[in-house]
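A.B. asks: For reference, this is protein_28.cif, and it has mmCIF, C-alpha atoms.
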data_my_file
loop_
_atom_site.label_atom_id
_atom_site.label_comp_id
_atom_site.auth_asym_id
_atom_site.auth_seq_id
_atom_site.Cartn_x
_atom_site.Cartn_y
_atom_site.Cartn_z
CA MET A 1 108.20 -49.89 110.32
CA SER A 2 110.75 -47.39 111.63
CA ALA A 3 110.33 -44.74 114.31
CA SER A 4 110.17 -41.01 113.58
CA VAL A 5 113.27 -39.63 111.88
CA GLU A 6 113.30 -36.97 114.58
CA ALA A 7 111.58 -36.66 117.92
CA VAL A 8 108.37 -34.80 117.26
CA THR A 9 105.86 -34.20 120.02
CA THR A 10 102.66 -36.13 119.43
CA GLU A 11 100.95 -35.54 122.79
CA ARG A 12 98.11 -33.65 121.18
CA LEU A 13 97.42 -36.60 118.92
CA ASP A 14 97.48 -39.13 121.73
CA SER A 15 95.12 -37.12 123.90
CA ALA A 16 92.53 -36.90 121.13
CA THR A 17 89.44 -38.91 122.05
CA PRO A 18 88.07 -40.84 119.08
CA VAL A 19 84.60 -39.71 118.15
CA HIS A 20 82.99 -42.00 115.60
CA ASP A 21 80.44 -40.51 113.27
CA GLU A 22 77.34 -42.58 112.54
CA GLU A 23 78.61 -43.84 109.18
CA THR A 24 81.92 -44.92 110.74
CA ARG A 25 80.13 -46.78 113.53
CA GLU A 26 78.08 -48.65 110.92
CA TRP A 27 81.17 -49.61 108.94
CA LEU A 28 82.95 -50.92 112.04
CA ARG A 29 79.90 -52.75 113.34
CA ASP A 30 79.27 -54.50 110.01
CA LEU A 31 82.91 -55.31 109.24
CA ARG A 32 83.34 -56.77 112.74
CA SER A 33 80.16 -58.81 112.49
CA SER A 34 79.80 -62.17 110.78
CA GLY A 35 77.49 -63.62 108.17
CA THR A 36 75.60 -61.63 105.56
CA ALA A 37 76.09 -58.19 107.19
CA HIS A 38 79.86 -58.72 107.17
CA ASP A 39 79.92 -60.01 103.60
CA ALA A 40 77.79 -57.12 102.35
CA ALA A 41 80.05 -54.60 104.14
CA VAL A 42 83.15 -56.16 102.57
CA ARG A 43 81.55 -55.88 99.12
CA ARG A 44 80.60 -52.24 99.79
CA LEU A 45 84.11 -51.51 100.98
CA HIS A 46 85.60 -53.03 97.84
CA VAL A 47 83.41 -50.77 95.69
CA LEU A 48 84.67 -47.76 97.66
CA LEU A 49 88.31 -48.84 97.38
CA LEU A 50 87.99 -49.49 93.66
CA ARG A 51 86.65 -45.97 93.15
CA ALA A 52 89.66 -44.54 95.01
CA ALA A 53 92.12 -46.76 93.14
CA ARG A 54 90.63 -45.75 89.78
CA PHE A 55 90.89 -42.11 90.84
CA GLU A 56 94.62 -42.54 91.54
CA VAL A 57 95.31 -44.54 88.38
CA SER A 58 93.54 -41.88 86.34
CA ARG A 59 95.66 -39.12 87.92
CA ARG A 60 98.83 -40.97 87.00
CA ARG A 61 97.93 -42.39 83.60
CA ALA A 62 99.80 -39.61 81.76
CA VAL A 63 103.15 -41.10 82.84
CA MET A 64 102.25 -44.38 81.10
CA PRO A 65 100.56 -43.46 77.82
CA HIS A 66 101.32 -46.92 76.40
CA LEU A 67 99.01 -48.66 78.90
CA ARG A 68 95.49 -49.28 77.64
CA GLY A 69 92.32 -48.76 79.62
CA ASP A 70 91.86 -52.42 80.55
CA ALA A 71 95.47 -52.69 81.79
CA LEU A 72 94.93 -49.58 83.92
CA ASP A 73 91.70 -51.03 85.28
CA ASP A 74 93.52 -54.27 86.16
CA ILE A 75 95.96 -52.18 88.21
CA ALA A 76 93.05 -50.43 89.95
CA ASN A 77 91.37 -53.75 90.72
CA GLU A 78 94.58 -55.26 92.10
CA ALA A 79 95.11 -52.15 94.22
CA ALA A 80 91.56 -52.36 95.58
CA ASP A 81 92.02 -56.07 96.40
CA ASP A 82 95.32 -55.44 98.21
CA ALA A 83 93.92 -52.43 100.06
CA LEU A 84 90.95 -54.52 101.23
CA VAL A 85 93.28 -57.17 102.67
CA SER A 86 95.36 -54.48 104.45
CA ILE A 87 92.31 -52.77 105.88
CA LEU A 88 90.69 -55.95 107.20
CA ALA A 89 94.00 -56.95 108.81
CA ARG A 90 94.41 -53.52 110.42
CA LEU A 91 90.82 -52.81 111.41
CA ASP A 92 91.73 -52.80 115.11
CA ASP A 93 94.38 -50.13 114.44
CA PHE A 94 91.71 -47.69 113.29
CA ARG A 95 91.27 -45.26 116.17
CA GLY A 96 88.30 -43.40 114.76
CA ALA A 97 89.99 -40.00 114.73
CA SER A 98 89.04 -39.60 111.05
CA ARG A 99 86.07 -40.84 109.07
CA PHE A 100 86.38 -44.54 108.27
CA THR A 101 86.11 -43.85 104.55
CA THR A 102 89.02 -41.36 104.65
CA TRP A 103 91.14 -43.90 106.51
CA ALA A 104 90.19 -46.62 103.99
CA TYR A 105 90.82 -44.40 100.96
CA LYS A 106 94.46 -43.84 101.86
CA PHE A 107 95.17 -47.58 101.59
CA ALA A 108 93.64 -47.76 98.11
CA LEU A 109 95.49 -44.63 96.96
CA LEU A 110 98.77 -45.98 98.33
CA GLU A 111 98.36 -49.38 96.68
CA ALA A 112 97.42 -47.81 93.35
CA ALA A 113 100.27 -45.29 93.49
CA VAL A 114 102.84 -47.97 94.39
CA LYS A 115 101.68 -50.19 91.50
CA MET A 116 101.70 -47.31 89.03
CA ARG A 117 105.19 -46.17 90.07
CA LYS A 118 106.42 -49.74 89.89
CA ARG A 119 105.05 -50.13 86.34
CA ALA A 120 106.49 -46.78 85.28
CA TRP A 121 109.98 -47.81 86.44
CA GLN A 122 109.73 -51.48 85.40
CA GLN A 123 111.85 -51.15 82.27
CA ARG A 124 113.99 -48.30 83.53
CA GLU A 125 117.40 -48.53 85.05
CA VAL A 126 117.55 -47.00 88.52
CA PRO A 127 120.61 -44.72 88.52
CA LEU A 128 122.65 -45.58 91.57
CA GLU A 129 126.13 -44.39 90.67
CA ALA A 130 127.03 -41.67 93.13
CA GLU A 131 129.95 -40.63 90.92
CA THR A 132 127.73 -39.52 88.06
CA TRP A 133 125.79 -36.85 89.95
CA ASP A 134 126.06 -33.13 89.46
CA VAL A 135 123.98 -30.01 89.90
CA ILE A 136 123.99 -28.38 86.49
CA PRO A 137 123.54 -24.61 86.36
CA SER A 138 121.44 -23.31 83.49
CA GLY A 139 123.99 -20.56 82.73
CA VAL A 140 121.65 -17.59 82.94
CA LEU A 141 123.42 -15.58 85.64
CA GLU A 142 125.63 -12.51 85.58
CA PRO A 143 129.36 -13.37 85.85
CA ALA A 144 129.62 -12.28 89.53
CA ASP A 145 126.58 -14.35 90.54
CA GLU A 146 127.83 -17.23 88.42
CA ALA A 147 131.13 -17.22 90.30
CA GLU A 148 129.35 -17.18 93.67
CA GLN A 149 127.10 -20.05 92.58
CA SER A 150 130.06 -22.08 91.30
CA GLU A 151 131.80 -21.61 94.62
CA LEU A 152 128.69 -22.83 96.49
CA LEU A 153 128.31 -25.85 94.21
CA GLY A 154 131.98 -26.66 94.75
CA ARG A 155 131.40 -26.68 98.50
CA VAL A 156 128.29 -28.87 98.13
CA ARG A 157 130.27 -31.31 95.96
CA HIS A 158 133.09 -31.41 98.50
CA ALA A 159 130.65 -31.94 101.38
CA MET A 160 128.92 -34.75 99.45
CA GLU A 161 132.26 -36.48 98.92
CA THR A 162 133.70 -36.05 102.39
CA ALA A 163 130.78 -35.94 104.85
CA LEU A 164 128.64 -38.81 103.52
CA THR A 165 129.14 -42.54 103.36
CA ALA A 166 128.98 -44.13 99.90
CA HIS A 167 125.52 -45.55 100.74
CA GLN A 168 124.20 -42.18 101.94
CA ARG A 169 125.55 -40.51 98.79
CA ARG A 170 123.96 -43.15 96.54
CA VAL A 171 120.56 -42.84 98.25
CA LEU A 172 120.66 -39.04 98.30
CA VAL A 173 121.58 -38.79 94.61
CA ALA A 174 118.98 -41.34 93.51
CA LEU A 175 116.12 -39.82 95.52
CA ALA A 176 116.91 -36.11 95.50
CA LEU A 177 118.65 -35.56 92.16
CA ASN A 178 117.55 -38.42 89.93
CA GLU A 179 114.02 -38.37 91.39
CA VAL A 180 113.68 -42.13 91.77
CA PRO A 181 110.49 -42.77 93.80
CA ILE A 182 111.37 -43.93 97.31
CA ASP A 183 109.32 -47.14 97.13
CA VAL A 184 110.91 -48.10 93.80
CA LEU A 185 114.40 -47.57 95.24
CA ALA A 186 113.49 -49.43 98.44
CA GLU A 187 112.43 -52.45 96.41
CA ARG A 188 115.60 -52.42 94.27
CA LEU A 189 117.81 -52.15 97.36
CA GLY A 190 115.83 -54.75 99.33
CA THR A 191 114.90 -52.36 102.12
CA THR A 192 111.84 -50.47 103.35
CA ARG A 193 110.59 -47.01 102.54
CA GLY A 194 110.91 -45.99 106.20
CA ALA A 195 114.51 -47.18 106.48
CA LEU A 196 115.44 -45.46 103.23
CA TYR A 197 113.93 -42.16 104.32
CA LYS A 198 115.97 -42.38 107.54
CA THR A 199 119.12 -42.75 105.41
CA LEU A 200 118.06 -39.78 103.28
CA HIS A 201 117.31 -37.70 106.38
CA ASP A 202 120.68 -38.51 107.98
CA ALA A 203 122.52 -37.70 104.73
CA ARG A 204 120.76 -34.34 104.44
CA ARG A 205 121.52 -33.50 108.08
CA LYS A 206 125.22 -34.30 107.63
CA LEU A 207 125.35 -32.33 104.39
CA ARG A 208 123.76 -29.26 105.98
CA ALA A 209 126.13 -29.51 108.97
CA ALA A 210 129.18 -29.78 106.69
CA LEU A 211 128.08 -26.72 104.71
CA GLU A 212 127.38 -24.73 107.90
CA GLU A 213 130.80 -25.72 109.21
CA GLY A 214 132.33 -24.43 105.97
CA ASP A 215 130.43 -21.16 106.39
CA ALA A 216 131.77 -20.81 109.93
CA TRP A 217 135.36 -21.21 108.66
CA THR A 218 134.97 -18.73 105.82
CA THR A 219 133.29 -16.07 107.99
CA ALA A 220 135.63 -16.50 111.01
CA MET B 221 121.38 -18.44 92.19
CA ASP B 222 119.53 -19.79 89.17
CA ASP B 223 116.19 -21.50 89.65
CA ARG B 224 117.33 -24.96 88.64
CA VAL B 225 120.25 -24.90 91.10
CA LYS B 226 117.97 -23.57 93.85
CA ARG B 227 115.50 -26.40 93.19
CA GLU B 228 118.16 -29.10 93.14
CA LEU B 229 119.85 -27.78 96.28
CA GLY B 230 116.45 -27.69 97.98
CA ARG B 231 115.94 -31.36 97.13
CA LEU B 232 119.46 -32.25 98.28
CA LEU B 233 119.31 -30.43 101.61
CA GLY B 234 115.65 -31.12 102.43
CA PRO B 235 113.68 -29.46 105.23
CA ALA B 236 115.78 -28.17 108.13
CA GLU B 237 112.99 -28.36 110.71
CA PRO B 238 112.08 -31.57 112.62
CA GLU B 239 110.06 -34.01 110.57
CA ILE B 240 108.37 -37.36 110.95
CA GLY B 241 109.15 -40.39 108.74
CA CYS B 242 107.16 -42.00 105.91
CA ASP B 243 105.42 -44.51 108.17
CA GLU B 244 104.22 -41.90 110.64
CA CYS B 245 103.14 -39.74 107.73
CA PHE B 246 100.96 -42.53 106.34
CA ASP B 247 99.57 -43.20 109.81
CA GLN B 248 98.50 -39.56 110.31
CA LEU B 249 97.63 -38.60 106.74
CA ASP B 250 93.85 -39.21 106.93
CA ARG B 251 93.50 -37.05 110.06
CA TYR B 252 95.81 -34.38 108.68
CA VAL B 253 93.89 -34.02 105.40
CA GLU B 254 90.54 -33.90 107.19
CA ALA B 255 91.94 -31.20 109.50
CA GLU B 256 93.15 -29.24 106.46
CA LEU B 257 89.78 -29.45 104.75
CA GLU B 258 88.00 -28.46 107.97
CA ARG B 259 90.35 -25.45 108.20
CA GLN B 260 91.81 -26.62 111.51
CA PRO B 261 95.47 -25.80 112.30
CA ALA B 262 96.68 -29.07 110.74
CA ASP B 263 100.38 -28.20 111.01
CA GLU B 264 100.05 -27.52 114.74
CA LEU B 265 97.98 -30.65 115.32
CA PHE B 266 100.42 -32.87 113.42
CA PRO B 267 103.94 -31.55 114.11
CA GLY B 268 106.58 -32.55 111.59
CA LEU B 269 104.16 -33.74 108.92
CA ARG B 270 104.31 -30.63 106.72
CA ALA B 271 108.13 -30.74 106.85
CA HIS B 272 108.05 -34.38 105.80
CA LEU B 273 105.84 -33.58 102.81
CA ALA B 274 108.39 -30.92 101.82
CA GLY B 275 111.19 -33.48 101.96
CA CYS B 276 109.47 -36.56 100.55
CA PRO B 277 107.93 -36.17 97.07
CA THR B 278 106.31 -39.61 97.22
CA CYS B 279 104.41 -38.85 100.45
CA ALA B 280 103.60 -35.40 99.05
CA GLU B 281 101.95 -37.06 96.02
CA GLU B 282 99.92 -39.32 98.29
CA HIS B 283 98.84 -36.32 100.35
CA GLU B 284 97.74 -34.48 97.21
CA SER B 285 95.78 -37.51 96.00
CA LEU B 286 93.90 -38.02 99.26
CA ARG B 287 93.09 -34.34 99.47
CA ALA B 288 91.93 -34.25 95.85
CA LEU B 289 89.76 -37.35 96.32
CA LEU B 290 88.07 -35.94 99.43
CA GLU B 291 87.50 -32.64 97.66
CA THR B 292 85.86 -34.52 94.80
CA GLU B 293 83.62 -36.33 97.29
CA GLU B 294 82.64 -33.03 98.91
CA ILE B 295 81.53 -31.63 95.55
CA ARG B 296 79.18 -34.55 94.97
#
How does this structure look as C-alpha coordinates?
C.D. replies:
Amino acid sequence: MSASVEAVTTERLDSATPVHDEETREWLRDLRSSGTAHDAAVRRLHVLLLRAARFEVSRRRAVMPHLRGDALDDIANEAADDALVSILARLDDFRGASRFTTWAYKFALLEAAVKMRKRAWQQREVPLEAETWDVIPSGVLEPADEAEQSELLGRVRHAMETALTAHQRRVLVALALNEVPIDVLAERLGTTRGALYKTLHDARRKLRAALEEGDAWTTA
Amino acid sequence: MDDRVKRELGRLLGPAEPEIGCDECFDQLDRYVEAELERQPADELFPGLRAHLAGCPTCAEEHESLRALLETEEIR
(Lines of atoms letter the chains of each structure in order from A and count residues from 1; the text may use other names and numbers.)
(Lines give C-alpha, C1' and ligand atoms only; values in the text may rest on other atoms or scores of the structure.)
Protein backbone atom coordinates (compact mmCIF):
# COMPACT_ATOMS: atom_id res chain seq x y z
CA MET A 1 0.00 0.00 0.00
CA SER A 2 1.08 3.64 0.29
CA ALA A 3 4.28 5.07 1.73
CA SER A 4 4.45 6.95 5.03
CA VAL A 5 2.32 10.08 5.15
CA GLU A 6 5.41 11.89 6.36
CA ALA A 7 9.09 11.02 6.36
CA VAL A 8 9.75 9.34 9.68
CA THR A 9 13.16 7.92 10.49
CA THR A 10 13.06 4.15 10.74
CA GLU A 11 16.80 3.44 10.94
CA ARG A 12 16.49 1.99 14.41
CA LEU A 13 13.92 -0.48 13.15
CA ASP A 14 15.98 -1.53 10.15
CA SER A 15 19.09 -2.11 12.22
CA ALA A 16 17.26 -4.42 14.62
CA THR A 17 18.53 -7.98 14.24
CA PRO A 18 15.70 -10.52 14.37
CA VAL A 19 16.03 -12.84 17.32
CA HIS A 20 13.59 -15.72 17.14
CA ASP A 21 12.42 -17.25 20.37
CA GLU A 22 12.14 -21.03 20.52
CA GLU A 23 8.37 -21.06 19.99
CA THR A 24 8.69 -18.77 16.95
CA ARG A 25 11.39 -20.98 15.43
CA GLU A 26 9.10 -23.99 15.83
CA TRP A 27 6.19 -22.21 14.17
CA LEU A 28 8.31 -21.13 11.20
CA ARG A 29 9.97 -24.53 10.83
CA ASP A 30 6.64 -26.38 10.86
CA LEU A 31 4.75 -23.93 8.65
CA ARG A 32 7.58 -24.00 6.09
CA SER A 33 7.78 -27.79 6.13
CA SER A 34 5.54 -30.15 4.20
CA GLY A 35 3.41 -33.15 5.06
CA THR A 36 1.92 -33.87 8.46
CA ALA A 37 4.07 -31.37 10.43
CA HIS A 38 2.90 -28.58 8.12
CA ASP A 39 -0.75 -29.64 8.25
CA ALA A 40 -0.70 -29.91 12.04
CA ALA A 41 0.91 -26.45 12.34
CA VAL A 42 -1.76 -24.95 10.06
CA ARG A 43 -4.49 -26.49 12.24
CA ARG A 44 -2.80 -25.16 15.40
CA LEU A 45 -2.49 -21.74 13.83
CA HIS A 46 -6.17 -21.71 12.92
CA VAL A 47 -7.09 -22.47 16.54
CA LEU A 48 -4.94 -19.55 17.66
CA LEU A 49 -6.43 -17.19 15.07
CA LEU A 50 -9.97 -18.22 15.94
CA ARG A 51 -9.31 -17.42 19.60
CA ALA A 52 -8.08 -13.94 18.63
CA ALA A 53 -10.99 -13.36 16.24
CA ARG A 54 -13.51 -14.39 18.91
CA PHE A 55 -11.80 -12.03 21.35
CA GLU A 56 -12.25 -9.12 18.91
CA VAL A 57 -15.84 -10.03 18.01
CA SER A 58 -16.68 -10.22 21.70
CA ARG A 59 -15.18 -6.76 22.32
CA ARG A 60 -17.32 -5.29 19.56
CA ARG A 61 -20.57 -7.20 20.01
CA ALA A 62 -22.20 -4.31 21.91
CA VAL A 63 -22.42 -2.27 18.69
CA MET A 64 -24.53 -5.03 17.10
CA PRO A 65 -26.93 -6.27 19.77
CA HIS A 66 -29.23 -7.74 17.09
CA LEU A 67 -26.64 -10.33 16.02
CA ARG A 68 -26.98 -13.72 17.70
CA GLY A 69 -24.14 -15.81 19.04
CA ASP A 70 -23.95 -18.13 16.04
CA ALA A 71 -23.83 -15.18 13.61
CA LEU A 72 -21.02 -13.65 15.65
CA ASP A 73 -19.17 -16.96 15.65
CA ASP A 74 -19.56 -17.18 11.86
CA ILE A 75 -17.85 -13.78 11.63
CA ALA A 76 -15.04 -15.00 13.91
CA ASN A 77 -14.58 -18.15 11.83
CA GLU A 78 -14.50 -16.21 8.56
CA ALA A 79 -11.98 -13.80 10.08
CA ALA A 80 -9.77 -16.68 11.23
CA ASP A 81 -9.94 -18.29 7.77
CA ASP A 82 -9.01 -15.02 6.02
CA ALA A 83 -6.25 -14.29 8.50
CA LEU A 84 -4.79 -17.77 7.92
CA VAL A 85 -4.66 -17.17 4.16
CA SER A 86 -2.98 -13.76 4.68
CA ILE A 87 -0.42 -15.16 7.10
CA LEU A 88 0.56 -18.12 4.93
CA ALA A 89 0.94 -15.78 1.94
CA ARG A 90 3.09 -13.35 3.94
CA LEU A 91 5.15 -15.80 5.97
CA ASP A 92 8.37 -14.63 4.29
CA ASP A 93 7.60 -11.03 5.33
CA PHE A 94 7.79 -12.00 9.00
CA ARG A 95 11.14 -10.67 10.21
CA GLY A 96 11.03 -12.23 13.65
CA ALA A 97 11.28 -8.95 15.53
CA SER A 98 8.19 -9.91 17.55
CA ARG A 99 6.88 -13.26 18.69
CA PHE A 100 5.24 -15.16 15.85
CA THR A 101 1.98 -15.41 17.77
CA THR A 102 1.82 -11.62 18.28
CA TRP A 103 2.42 -11.09 14.58
CA ALA A 104 -0.27 -13.67 13.71
CA TYR A 105 -2.79 -12.24 16.17
CA LYS A 106 -2.84 -8.84 14.51
CA PHE A 107 -4.09 -10.37 11.25
CA ALA A 108 -6.98 -12.12 13.03
CA LEU A 109 -7.87 -8.98 14.99
CA LEU A 110 -7.78 -6.89 11.82
CA GLU A 111 -9.96 -9.31 9.85
CA ALA A 112 -12.48 -9.57 12.68
CA ALA A 113 -12.58 -5.80 13.24
CA VAL A 114 -13.02 -5.09 9.51
CA LYS A 115 -15.90 -7.60 9.27
CA MET A 116 -17.59 -6.25 12.39
CA ARG A 117 -17.32 -2.63 11.21
CA LYS A 118 -18.61 -3.63 7.80
CA ARG A 119 -21.64 -5.37 9.35
CA ALA A 120 -22.30 -2.43 11.67
CA TRP A 121 -22.40 0.00 8.72
CA GLN A 122 -24.11 -2.38 6.25
CA GLN A 123 -27.54 -0.80 6.50
CA ARG A 124 -26.33 2.69 7.29
CA GLU A 125 -25.89 5.53 4.90
CA VAL A 126 -22.35 6.90 4.89
CA PRO A 127 -22.69 10.68 5.19
CA LEU A 128 -20.58 12.22 2.47
CA GLU A 129 -22.12 15.64 1.98
CA ALA A 130 -19.47 18.17 2.89
CA GLU A 131 -22.11 20.91 3.00
CA THR A 132 -23.94 19.39 5.95
CA TRP A 133 -21.05 19.50 8.42
CA ASP A 134 -20.77 21.74 11.43
CA VAL A 135 -19.11 21.83 14.82
CA ILE A 136 -21.95 22.37 17.25
CA PRO A 137 -21.13 24.10 20.53
CA SER A 138 -22.95 22.77 23.58
CA GLY A 139 -23.77 26.33 24.76
CA VAL A 140 -22.28 26.09 28.23
CA LEU A 141 -19.79 28.96 28.06
CA GLU A 142 -19.78 32.48 29.43
CA PRO A 143 -20.74 35.10 26.79
CA ALA A 144 -17.14 36.33 26.30
CA ASP A 145 -15.80 32.79 25.83
CA GLU A 146 -18.76 31.97 23.61
CA ALA A 147 -17.90 34.90 21.35
CA GLU A 148 -14.25 33.82 21.14
CA GLN A 149 -15.28 30.25 20.34
CA SER A 150 -17.74 31.41 17.65
CA GLU A 151 -15.00 33.47 16.07
CA LEU A 152 -12.66 30.44 16.02
CA LEU A 153 -15.35 28.19 14.55
CA GLY A 154 -16.03 30.80 11.89
CA ARG A 155 -12.37 30.74 10.91
CA VAL A 156 -12.34 26.92 10.84
CA ARG A 157 -15.45 26.94 8.62
CA HIS A 158 -13.86 29.48 6.28
CA ALA A 159 -10.60 27.50 6.12
CA MET A 160 -12.55 24.30 5.37
CA GLU A 161 -14.35 26.01 2.51
CA THR A 162 -11.39 27.82 0.97
CA ALA A 163 -8.27 25.76 1.70
CA LEU A 164 -9.55 22.25 0.92
CA THR A 165 -10.66 20.55 -2.27
CA ALA A 166 -14.20 19.15 -2.30
CA HIS A 167 -12.77 15.61 -2.00
CA GLN A 168 -10.55 16.53 0.96
CA ARG A 169 -13.51 18.23 2.68
CA ARG A 170 -15.76 15.20 2.10
CA VAL A 171 -13.15 12.77 3.47
CA LEU A 172 -12.30 14.98 6.45
CA VAL A 173 -15.95 15.47 7.42
CA ALA A 174 -16.83 11.78 7.04
CA LEU A 175 -13.84 10.51 9.02
CA ALA A 176 -13.26 13.22 11.60
CA LEU A 177 -16.74 14.59 12.28
CA ASN A 178 -19.16 11.84 11.28
CA GLU A 179 -16.81 9.13 12.60
CA VAL A 180 -17.18 6.80 9.64
CA PRO A 181 -14.54 4.04 10.04
CA ILE A 182 -11.75 4.51 7.51
CA ASP A 183 -12.05 1.00 6.02
CA VAL A 184 -15.82 1.41 5.57
CA LEU A 185 -15.31 4.73 3.78
CA ALA A 186 -12.47 3.30 1.67
CA GLU A 187 -14.74 0.51 0.46
CA ARG A 188 -17.61 2.90 -0.39
CA LEU A 189 -15.27 5.21 -2.29
CA GLY A 190 -13.44 2.34 -4.04
CA THR A 191 -10.05 3.23 -2.60
CA THR A 192 -7.65 1.90 0.03
CA ARG A 193 -7.32 2.72 3.69
CA GLY A 194 -3.74 3.96 3.13
CA ALA A 195 -4.73 6.28 0.29
CA LEU A 196 -7.66 7.65 2.28
CA TYR A 197 -5.50 8.37 5.32
CA LYS A 198 -3.09 10.27 3.05
CA THR A 199 -6.04 12.43 1.89
CA LEU A 200 -7.08 12.98 5.50
CA HIS A 201 -3.53 13.87 6.51
CA ASP A 202 -3.13 16.36 3.64
CA ALA A 203 -6.50 17.97 4.45
CA ARG A 204 -5.56 18.37 8.12
CA ARG A 205 -2.17 19.86 7.20
CA LYS A 206 -3.79 22.41 4.86
CA LEU A 207 -6.42 23.26 7.45
CA ARG A 208 -3.82 23.84 10.18
CA ALA A 209 -1.73 25.97 7.79
CA ALA A 210 -4.77 28.08 6.81
CA LEU A 211 -5.65 28.67 10.47
CA GLU A 212 -2.04 29.57 11.36
CA GLU A 213 -1.96 31.96 8.42
CA GLY A 214 -5.13 33.58 9.76
CA ASP A 215 -3.51 33.90 13.19
CA ALA A 216 -0.48 35.58 11.62
CA TRP A 217 -2.74 38.17 9.93
CA THR A 218 -4.75 38.92 13.05
CA THR A 219 -1.68 39.27 15.30
CA ALA A 220 0.42 41.29 12.78
CA MET B 1 -13.73 26.41 24.60
CA ASP B 2 -16.34 23.80 25.46
CA ASP B 3 -15.35 20.15 25.59
CA ARG B 4 -17.36 19.04 22.59
CA VAL B 5 -15.85 21.74 20.37
CA LYS B 6 -12.36 20.92 21.65
CA ARG B 7 -12.92 17.23 20.84
CA GLU B 8 -14.28 17.91 17.37
CA LEU B 9 -11.51 20.38 16.54
CA GLY B 10 -8.97 17.83 17.74
CA ARG B 11 -10.43 15.27 15.34
CA LEU B 12 -10.51 17.79 12.49
CA LEU B 13 -6.95 19.05 12.92
CA GLY B 14 -5.33 15.74 13.92
CA PRO B 15 -1.81 15.36 15.29
CA ALA B 16 0.61 18.13 14.32
CA GLU B 17 3.75 16.01 14.70
CA PRO B 18 5.09 13.69 11.95
CA GLU B 19 3.20 10.44 11.68
CA ILE B 20 3.28 7.22 9.73
CA GLY B 21 0.34 5.92 7.64
CA CYS B 22 -2.12 3.07 8.29
CA ASP B 23 -0.07 0.49 6.41
CA GLU B 24 3.14 1.23 8.27
CA CYS B 25 1.18 1.24 11.50
CA PHE B 26 -0.13 -2.27 10.82
CA ASP B 27 3.35 -3.41 9.83
CA GLN B 28 4.91 -2.20 13.11
CA LEU B 29 2.01 -2.77 15.50
CA ASP B 30 3.10 -6.19 16.83
CA ARG B 31 6.59 -4.94 17.69
CA TYR B 32 5.25 -1.69 19.13
CA VAL B 33 2.79 -3.43 21.47
CA GLU B 34 5.41 -5.92 22.64
CA ALA B 35 7.77 -3.01 23.33
CA GLU B 36 5.02 -1.25 25.31
CA LEU B 37 4.30 -4.33 27.40
CA GLU B 38 8.02 -4.88 28.01
CA ARG B 39 8.25 -1.25 29.16
CA GLN B 40 10.69 -0.33 26.40
CA PRO B 41 10.61 3.23 24.96
CA ALA B 42 8.10 2.21 22.26
CA ASP B 43 7.53 5.77 21.02
CA GLU B 44 11.26 6.30 20.48
CA LEU B 45 11.69 2.91 18.82
CA PHE B 46 8.76 3.46 16.46
CA PRO B 47 8.73 7.17 15.53
CA GLY B 48 5.43 8.50 14.25
CA LEU B 49 3.32 5.55 15.40
CA ARG B 50 1.90 7.17 18.54
CA ALA B 51 0.96 10.27 16.50
CA HIS B 52 -0.80 8.05 13.98
CA LEU B 53 -2.82 6.35 16.72
CA ALA B 54 -3.87 9.82 17.91
CA GLY B 55 -5.07 10.71 14.41
CA CYS B 56 -6.59 7.42 13.27
CA PRO B 57 -9.34 5.99 15.52
CA THR B 58 -9.51 2.75 13.52
CA CYS B 59 -5.80 1.97 14.00
CA ALA B 60 -6.13 3.07 17.63
CA GLU B 61 -8.87 0.46 18.14
CA GLU B 62 -6.68 -2.23 16.59
CA HIS B 63 -3.80 -1.21 18.84
CA GLU B 64 -6.04 -1.43 21.91
CA SER B 65 -7.30 -4.86 20.86
CA LEU B 66 -3.84 -6.34 20.32
CA ARG B 67 -2.62 -4.92 23.59
CA ALA B 68 -5.67 -6.23 25.45
CA LEU B 69 -5.31 -9.69 23.89
CA LEU B 70 -1.63 -9.95 24.82
CA GLU B 71 -2.41 -8.77 28.35
CA THR B 72 -5.05 -11.48 28.60
CA GLU B 73 -2.49 -14.06 27.45
CA GLU B 74 0.01 -12.84 30.04
CA ILE B 75 -2.52 -13.34 32.83
CA ARG B 76 -3.06 -16.97 31.86
A.B. asks: Take the PyMOL selection byres ((chain B) within 9 of (chain A)), apply it to the structure above, and return the hits as a ChimeraX atom specification.
C.D. replies: /B:221-225,228-236,238-244,246,249-254,265-268,275-278,281-283,285-286,289-290
A.B. asks: Work out how far apart atom CA of A:Asp74 and atom CA of A:Leu48 are and give it in Å to one decimal.
C.D. replies: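 Separation between atom CA of A:Asp74 and atom CA of A:Leu48: 15.9 Å.
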A.B. asks: Kindly indicate which residue among A:Arg54, A:Ser86, A:Val42, A:Thr191 lies nearest to A:Arg29, using only C-alpha atoms for the distances.
C.D. replies: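 Result for the nearest residue to A:Arg29: A:Val42.
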A.B. asks: I'd like the interatomic distance between atom CA of A:Gly69 and atom CA of A:Glu111, to a tenth of an Å.
C.D. replies: 18.1 Å
A.B. asks: In Å, rounded to a single decimal, give me how far atom CA of B:Leu273 is from atom CA of A:Ala53.
C.D. replies: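 Going from atom CA of A:Ala53 over to atom CA of B:Leu273, I get 21.3 Å.
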A.B. asks: Can you turn the PyMOL selection byres ((chain A and resi 84) around 9) into a concrete residue list for this file, as a list in words?
C.D. replies: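 Taken on the displayed file, the PyMOL selection byres ((chain A and resi 84) around 9) yields the residues Val42, Leu45, His46, Leu49, Ala79, Ala80, Asp81, Asp82, Ala83, Val85, Ser86, Ile87, Leu88, Ala89, Ala104, Phe107 and Ala108 of chain A.
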A.B. asks: Return the single residue from B:Ala288, B:Lys226, B:Ala271, B:Ala280 that is closest to B:Leu257, with distances computed using all atoms listed in the file.
C.D. replies: B:Ala288
